[in-house]
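Shown next: data_33.cif, given as mmCIF, C-alpha atoms.
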```cif
data_model
#
loop_
_atom_site.label_atom_id
_atom_site.label_comp_id
_atom_site.auth_asym_id
_atom_site.auth_seq_id
_atom_site.Cartn_x
_atom_site.Cartn_y
_atom_site.Cartn_z
CA MET A 1 0.00 0.00 0.00
CA SER A 2 1.29 3.44 -0.96
CA ASN A 3 1.88 6.05 1.75
CA VAL A 4 -0.64 8.37 0.07
CA ILE A 5 -4.27 8.07 -0.97
CA GLU A 6 -4.97 9.42 -4.45
CA LEU A 7 -8.41 10.67 -5.40
CA ARG A 8 -9.99 12.13 -8.54
CA ILE A 9 -13.20 13.98 -7.73
CA LYS A 10 -15.70 15.30 -10.22
CA ARG A 11 -16.68 18.75 -9.07
CA GLN A 12 -19.36 21.23 -10.07
CA ASP A 13 -20.20 24.46 -8.29
CA GLY A 14 -23.91 24.08 -8.92
CA PRO A 15 -26.61 23.12 -11.43
CA GLY A 16 -25.74 24.41 -14.89
CA GLN A 17 -22.15 25.18 -13.92
CA PRO A 18 -19.25 23.57 -15.82
CA ALA A 19 -17.94 20.31 -14.38
CA ARG A 20 -14.26 19.77 -13.71
CA TRP A 21 -11.99 17.10 -12.28
CA GLU A 22 -9.76 17.80 -9.32
CA SER A 23 -7.14 15.47 -7.82
CA PHE A 24 -6.12 15.17 -4.18
CA LYS A 25 -3.43 13.31 -2.28
CA ILE A 26 -4.03 12.45 1.38
CA PRO A 27 -1.51 10.79 3.75
CA TYR A 28 -2.40 7.13 4.11
CA ARG A 29 -3.71 5.71 7.35
CA PRO A 30 -5.20 2.24 7.73
CA LYS A 31 -8.94 1.63 8.11
CA LEU A 32 -10.11 4.89 6.54
CA ASN A 33 -13.32 5.11 4.56
CA VAL A 34 -14.23 7.56 1.79
CA ILE A 35 -16.03 9.88 4.25
CA SER A 36 -12.88 10.07 6.41
CA VAL A 37 -10.82 11.10 3.39
CA LEU A 38 -13.37 13.75 2.38
CA MET A 39 -13.20 15.12 5.92
CA GLU A 40 -9.41 15.35 5.59
CA ILE A 41 -9.87 17.41 2.43
CA GLN A 42 -12.46 19.56 4.20
CA GLN A 43 -9.99 20.39 6.96
CA ASN A 44 -7.20 21.24 4.51
CA PRO A 45 -8.61 21.87 1.01
CA VAL A 46 -5.37 21.71 -0.99
CA ASN A 47 -5.35 19.76 -4.27
CA ALA A 48 -2.64 17.48 -5.61
CA GLU A 49 -0.93 20.43 -7.34
CA GLY A 50 -0.55 22.19 -4.00
CA ASN A 51 -3.18 24.85 -4.72
CA ARG A 52 -5.82 25.83 -2.20
CA THR A 53 -9.32 25.08 -3.36
CA THR A 54 -12.84 24.99 -1.97
CA PRO A 55 -13.82 22.08 0.31
CA VAL A 56 -15.59 19.27 -1.50
CA VAL A 57 -19.33 19.21 -0.84
CA TRP A 58 -20.98 15.89 -0.04
CA GLU A 59 -23.80 14.64 2.17
CA CYS A 60 -23.65 12.26 5.13
CA ASN A 61 -25.35 11.63 8.42
CA CYS A 62 -25.24 8.32 10.28
CA LEU A 63 -21.87 6.98 9.01
CA GLU A 64 -23.08 3.41 9.50
CA GLU A 65 -25.06 2.65 6.33
CA VAL A 66 -28.47 3.38 7.76
CA CYS A 67 -29.48 6.86 6.56
CA GLY A 68 -28.61 6.47 2.86
CA ALA A 69 -27.39 10.06 2.55
CA CYS A 70 -23.80 9.47 1.42
CA SER A 71 -24.58 7.70 -1.86
CA MET A 72 -22.17 8.49 -4.69
CA ASN A 73 -20.42 6.76 -7.56
CA ILE A 74 -17.15 5.33 -6.28
CA ASN A 75 -14.89 3.89 -8.97
CA GLY A 76 -17.92 3.73 -11.24
CA GLN A 77 -20.21 1.96 -8.77
CA ALA A 78 -23.11 3.53 -6.90
CA ARG A 79 -22.59 2.80 -3.22
CA GLN A 80 -22.41 4.27 0.26
CA ALA A 81 -19.27 6.26 1.00
CA CYS A 82 -19.36 5.38 4.70
CA THR A 83 -18.81 1.66 4.02
CA ALA A 84 -16.40 2.14 1.11
CA LEU A 85 -13.09 1.28 2.78
CA ILE A 86 -9.96 2.81 1.26
CA ASP A 87 -7.95 -0.39 1.76
CA GLN A 88 -10.39 -2.22 -0.52
CA LEU A 89 -10.51 0.36 -3.34
CA LYS A 90 -8.34 0.62 -6.43
CA GLN A 91 -6.46 3.92 -6.68
CA PRO A 92 -6.77 6.59 -7.84
CA ILE A 93 -10.20 6.50 -6.23
CA VAL A 94 -12.68 8.19 -8.57
CA LEU A 95 -15.62 9.94 -6.89
CA GLU A 96 -18.60 11.21 -8.89
CA PRO A 97 -22.13 12.27 -7.92
CA LEU A 98 -25.11 10.07 -8.72
CA ARG A 99 -26.18 10.81 -12.30
CA LYS A 100 -29.91 10.10 -12.03
CA PHE A 101 -30.69 12.91 -9.58
CA PRO A 102 -30.44 16.72 -9.82
CA LEU A 103 -27.04 17.96 -8.75
CA VAL A 104 -26.75 20.31 -5.79
CA ARG A 105 -22.98 20.71 -5.77
CA ASP A 106 -19.93 18.45 -6.19
CA LEU A 107 -20.93 15.03 -4.80
CA MET A 108 -24.26 16.12 -3.30
CA VAL A 109 -27.50 15.44 -5.17
CA ASP A 110 -31.19 16.04 -4.51
CA ARG A 111 -33.11 12.78 -3.94
CA THR A 112 -36.48 14.49 -3.48
CA VAL A 113 -37.98 12.49 -6.36
CA MET A 114 -37.58 9.29 -4.32
CA PHE A 115 -39.42 10.73 -1.33
CA ASP A 116 -42.14 12.08 -3.61
CA SER A 117 -42.56 8.55 -4.99
CA LEU A 118 -43.03 7.22 -1.46
CA LYS A 119 -45.79 9.79 -0.96
CA LYS A 120 -47.34 8.78 -4.27
CA VAL A 121 -47.59 5.11 -3.29
CA ARG A 122 -48.80 6.00 0.23
CA ALA A 123 -45.91 4.25 1.95
CA TRP A 124 -47.34 4.54 5.45
CA ILE A 125 -49.93 2.93 7.72
CA PRO A 126 -52.97 5.27 7.96
CA ILE A 127 -53.62 5.34 11.72
CA ASP A 128 -54.67 8.77 12.97
CA GLY A 129 -53.86 8.10 16.64
CA THR A 130 -57.10 9.59 17.97
CA TYR A 131 -57.72 6.58 20.20
CA ASP A 132 -55.91 3.52 21.49
CA LEU A 133 -56.31 0.67 19.03
CA GLY A 134 -54.74 -1.87 21.34
CA PRO A 135 -52.31 -4.53 20.15
CA GLY A 136 -52.53 -5.26 16.45
CA PRO A 137 -52.74 -8.69 14.84
CA ARG A 138 -49.55 -10.71 14.81
CA MET A 139 -47.75 -11.46 11.57
CA ALA A 140 -46.64 -15.00 10.89
CA GLU A 141 -42.93 -15.33 11.63
CA ALA A 142 -42.01 -16.31 8.07
CA LYS A 143 -43.86 -13.26 6.73
CA ARG A 144 -42.32 -11.00 9.35
CA GLN A 145 -38.82 -12.08 8.38
CA TRP A 146 -39.10 -11.14 4.70
CA ALA A 147 -41.05 -7.98 5.55
CA TYR A 148 -38.19 -6.95 7.83
CA GLU A 149 -35.78 -7.28 4.91
CA LEU A 150 -37.91 -4.84 2.90
CA SER A 151 -37.98 -2.41 5.83
CA LYS A 152 -34.19 -2.00 5.59
CA CYS A 153 -34.59 0.34 2.60
CA MET A 154 -32.90 3.67 3.34
CA THR A 155 -33.91 5.47 0.11
CA CYS A 156 -30.23 5.81 -0.78
CA GLY A 157 -30.83 5.88 -4.54
CA CYS A 158 -28.34 3.16 -5.51
CA CYS A 159 -31.08 1.03 -7.07
CA ALA A 160 -32.42 3.99 -9.04
CA GLU A 161 -28.92 4.93 -10.21
CA SER A 162 -28.43 1.46 -11.66
CA CYS A 163 -31.90 1.20 -13.23
CA PRO A 164 -32.02 1.99 -16.98
CA GLN A 165 -35.73 2.87 -16.74
CA PHE A 166 -35.21 5.48 -14.01
CA ASN A 167 -34.12 8.75 -15.62
CA SER A 168 -35.17 12.34 -16.27
CA ARG A 169 -37.14 11.31 -19.38
CA SER A 170 -39.20 8.66 -17.60
CA LYS A 171 -41.92 8.82 -14.97
CA PHE A 172 -40.92 5.43 -13.53
CA ILE A 173 -41.08 5.67 -9.74
CA GLY A 174 -38.25 3.18 -9.32
CA PRO A 175 -37.75 -0.13 -7.51
CA ALA A 176 -37.44 1.31 -3.99
CA ALA A 177 -40.95 2.80 -3.91
CA ILE A 178 -42.47 -0.30 -5.48
CA SER A 179 -40.81 -2.53 -2.90
CA GLN A 180 -42.28 -0.38 -0.15
CA VAL A 181 -45.74 -1.03 -1.57
CA ARG A 182 -45.12 -4.73 -0.96
CA LEU A 183 -43.97 -3.98 2.60
CA PHE A 184 -47.00 -1.91 3.57
CA ASN A 185 -49.47 -4.17 1.76
CA ALA A 186 -48.12 -7.06 3.82
CA HIS A 187 -48.79 -5.24 7.10
CA PRO A 188 -52.00 -6.46 8.80
CA THR A 189 -53.30 -2.88 9.07
CA GLY A 190 -51.74 -1.50 5.91
CA GLU A 191 -53.36 -4.29 3.92
CA MET A 192 -56.74 -2.55 4.34
CA ASN A 193 -55.55 0.17 1.93
CA LYS A 194 -53.62 -2.09 -0.46
CA HIS A 195 -55.98 -1.24 -3.34
CA GLU A 196 -54.92 2.43 -3.14
CA ARG A 197 -51.27 1.50 -3.57
CA LEU A 198 -51.97 -0.99 -6.34
CA GLU A 199 -53.93 1.66 -8.24
CA VAL A 200 -50.81 3.85 -8.25
CA LEU A 201 -48.75 0.97 -9.63
CA LEU A 202 -51.17 0.67 -12.56
CA GLU A 203 -50.66 4.32 -13.53
CA GLU A 204 -48.00 5.70 -15.83
CA GLY A 205 -44.61 5.30 -14.18
CA GLY A 206 -45.77 2.28 -12.22
CA ILE A 207 -44.97 -1.42 -12.33
CA SER A 208 -45.37 -1.79 -16.10
CA ASP A 209 -42.46 0.61 -16.66
CA CYS A 210 -40.01 -1.84 -15.10
CA GLY A 211 -37.80 -3.34 -17.81
CA ASN A 212 -36.66 -6.27 -15.65
CA ALA A 213 -32.99 -5.35 -16.01
CA GLN A 214 -32.44 -6.64 -12.44
CA ASN A 215 -29.60 -4.15 -11.85
CA CYS A 216 -31.37 -2.86 -8.75
CA VAL A 217 -31.03 -6.00 -6.67
CA ARG A 218 -27.30 -6.15 -7.41
CA ALA A 219 -26.78 -2.49 -6.54
CA CYS A 220 -28.75 -2.47 -3.27
CA PRO A 221 -26.30 -2.08 -0.34
CA LYS A 222 -28.81 -3.76 2.00
CA ALA A 223 -29.34 -6.81 -0.26
CA ILE A 224 -33.10 -6.18 -0.34
CA PRO A 225 -34.88 -8.69 -2.65
CA LEU A 226 -36.14 -5.96 -4.98
CA THR A 227 -36.75 -8.20 -7.98
CA THR A 228 -38.90 -10.51 -5.83
CA SER A 229 -41.00 -7.50 -4.81
CA LEU A 230 -41.31 -6.39 -8.42
CA ALA A 231 -42.45 -9.85 -9.51
CA ASP A 232 -44.97 -10.23 -6.67
CA LEU A 233 -46.45 -6.79 -7.19
CA ASN A 234 -46.65 -7.28 -10.94
CA ARG A 235 -48.89 -10.28 -10.24
CA ASP A 236 -50.89 -8.43 -7.57
CA ALA A 237 -51.38 -5.35 -9.72
CA ASN A 238 -52.56 -7.36 -12.73
CA LYS A 239 -54.93 -9.38 -10.57
CA PHE A 240 -56.29 -6.16 -9.07
CA ALA A 241 -56.74 -4.66 -12.56
CA VAL A 242 -58.76 -7.68 -13.72
CA ASP A 243 -60.90 -7.66 -10.58
CA ARG A 244 -61.55 -3.93 -10.98
CA TRP A 245 -62.58 -4.44 -14.59
CA LEU A 246 -64.95 -7.29 -13.70
CA ARG A 247 -66.62 -5.15 -11.04
CA LYS A 248 -67.55 -2.45 -13.55
#
```

Take the structure in the file and give it back as structure tokens.
Amino acid sequence: MSNVIELRIKRQDGPGQPARWESFKIPYRPKLNVISVLMEIQQNPVNAEGNRTTPVVWECNCLEEVCGACSMNINGQARQACTALIDQLKQPIVLEPLRKFPLVRDLMVDRTVMFDSLKKVRAWIPIDGTYDLGPGPRMAEAKRQWAYELSKCMTCGCCAESCPQFNSRSKFIGPAAISQVRLFNAHPTGEMNKHERLEVLLEEGGISDCGNAQNCVRACPKAIPLTTSLADLNRDANKFAVDRWLRK
């Protein structure tokens, strides 16, 4: 291992501003992650040519792969910067922002579209809290186990970044939101409003816009079975569509 860490970072001062590449060299220490190196640059923003520059802008929060905020392309792969260990990365380490979301600055993007999609599919349990409902019905253990896997989604955007159908020219809501429909439809209380979520999946940008590329399940840092959710909901949505047509 070299005694320095070399990075190439794609930088942009804001939307519509010209992009540029800037290189940095940081003294090597074992067990660093990408966030640690970006913090080193933040403390002393001097590039590889020895010129002072502006600190690199990125987003982070929990630093333990729970919040999903620090998503970026690292050596061409969408992943979480907090769990990207320097000792396991090929140098120079190339950092770029996610391409499927509006850029804010440097490595920071705006993932609002993902949260809007969660609102669209009503990814919540509609309990108003006006009175005590008492203990809810129990879920079967086997069902609880796979539902828990779906609940690990942190809306990080890695699945959307890898999905060819998710882009600025498409209305596809993406695999993360669709998987959350499966989660909340499986809930004993959420199931009462499953038809509302399935109706959204039948609209433009819903389940039929999935091209079955299966990139999402490979890109997910939490190993969520996204393609299983897509397959199950494709069946449920089509069954719901037929039932709705027969009831007319």

Interface rows for segment 63-96 of chain A against segment 40-57 of chain A: nearest pair, Å to one decimal, 12 Å, all atoms listed in the file, as a Markdown table:
```
| residue | atom | partner | partner_atom | distance |
| --- | --- | --- | --- | --- |
| A:Cys70 | CA | A:Val57 | CA | 11.0 |
| A:Met72 | CA | A:Val57 | CA | 11.7 |
| A:Pro92 | CA | A:Ala48 | CA | 11.9 |
| A:Leu95 | CA | A:Val56 | CA | 10.8 |
| A:Glu96 | CA | A:Val56 | CA | 11.3 |
```

Query raised in the report: Using the chain letters and numbers from the file, which residues does the PyMOL selection byres ((chain A and resi 79-91) around 9) grab, as a ChimeraX atom specification?
Result: /A:1,5-7,30-37,60,62-65,68-75,77-78,92-94,156-158,219-221

Query raised in the report: How would you write, as a ChimeraX atom specification, the residues chosen by the PyMOL selection byres ((chain A and resi 155) around 12) on this structure?
Result: /A:65-71,80,110-118,150-154,156-161,174-180,220-222,224

Query - Residues in the PyMOL selection byres ((chain A and resi 129-142) around 10), expressed as a VMD selection string - result: chain A and resid 126 to 128 143 to 147 186 to 189

Query - Nearest candidate to Gly206 of chain A (options A:Asn238, A:Gln17, A:Ser168, A:Ser2; using all atoms listed in the file) - result: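 Smallest separation from Gly206 of chain A among the options: A:Asn238.
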
Query raised in the report: Quick one: distance from atom CA of Lys119 of chain A to atom CA of Asp232 of chain A in Å, one decimal?
Result: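 Distance reported for this atom pair: 20.8 Å.
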
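Computed from the coordinates, the atom CA of Leu230 of chain A to atom CA of Asn185 of chain A distance equals 13.2 Å.
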
Query - Gap from atom CA of Lys120 of chain A to atom CA of Arg197 of chain A - Å, one decimal - result: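 Atom CA of Lys120 of chain A sits 8.3 Å away from atom CA of Arg197 of chain A.
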
Query raised in the report: Using all atoms listed in the file, which residues sit within 8 Å of Lys171 of chain A once same-chain residues fewer than 4 positions away are excluded, as a PyMOL selection string?
Result: chain A and resi 166-167+204-205

**Report entry** Nearest candidate to Met108 of chain A (options A:Ile207, A:Arg20, A:Ile125, A:Arg11; using only C-alpha atoms)
**Finding:**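 Of the candidates, the smallest distance to Met108 of chain A is held by A:Arg11.
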
Query raised in the report: Leaving out Val104 of chain A and any residue of its chain fewer than 4 positions from it, which residues lie within 10 Å of it when counting all atoms listed in the file, given as a VMD selection string?
Result: chain A and resid 12 to 15 57 to 58 97 108 to 110

Query raised in the report: Between A:Phe240, A:Tyr28, A:Trp245, A:Tyr148, which one has atoms that come closest to Phe184 of chain A, using all atoms listed in the file?
Result: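 Nearest to Phe184 of chain A: A:Tyr148.
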